[in-house]
Each structure stands twice: as structure tokens, then as C-alpha cells.
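Chemist: One structure, as C-alpha cells, below. Some questions next.
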Amino acid sequence: MTGTPVTPPYPRVAPCRHCCRPVLRDNDGVWIHADLSYVCRDRWGGITATTAAPEPPAWYTEQHPPQVIP
């Protein structure tokens, strides 16, 4: 042990930060939606300009609050 704190990994399945649909990692380690789509979709099924990305875990957001730019 090195004595450095270990942070838990992302869960296997997490909500997407852009569209809230479930995301997981594909065979190459890239985030993909559970319906096998890399791009996000709006609530009507239209493609958006964002791709699958997990919402940060609660422990991360507690340790790293968002920065407010004045």
C-alpha cells in the first residue's frame, strides 16, 4: 500500500450527464448508451450534439464542487 486514498471507480452503469439515459463502457472502453448508441437523443428521439458521458458519482461532486464563473 502506498498510503494514497483510493477513489471508487465509476459504477458499471450510470446515467448520461446530457440525456439521463443509462450509459456503460463498450469493448474499447468508450462510453455508450445502453441502447448501443454513442450519440445522445432528446426526449422525442432526435439526435443531439452530445455523446454518451456518465454523470459524475456523488463522491466526486462532493469533493469537487462546480466552479462558478462570475
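In the C-alpha cells, chains take the letters A, B, ... in the order shown, each chain's residues start at 1, and ligands count up from 1 in the order shown.
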Pick out the residues sitting within 9 Å of stretch 31-33 of chain A, and hand them over as a PyMOL selection string; count only C-alpha atoms, and ignore anything fewer than 4 positions along from it in its own chain.
Modeler: chain A and resi 15-16+21-26+37-40+51-54
Chemist: Work out how far atom CA of A:Glu55 is from atom CA of A:Leu36, in Å to one decimal.
Modeler: 17.6 Å
Chemist: Which is closer to A:His18 than all the others in A:Pro57, A:Arg41, A:Pro70, A:Pro65, using only C-alpha atoms?
Modeler: A:Arg41
Chemist: Distance atom CA of A:Gly29-atom CA of A:Arg43, one decimal place?
Modeler: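 So the answer is 26.2 Å.
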Chemist: Between atom CA of A:Trp44 and atom CA of A:Arg12, what is the distance in Å, rounded to a tenth?
Modeler: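 So the answer is 26.3 Å.
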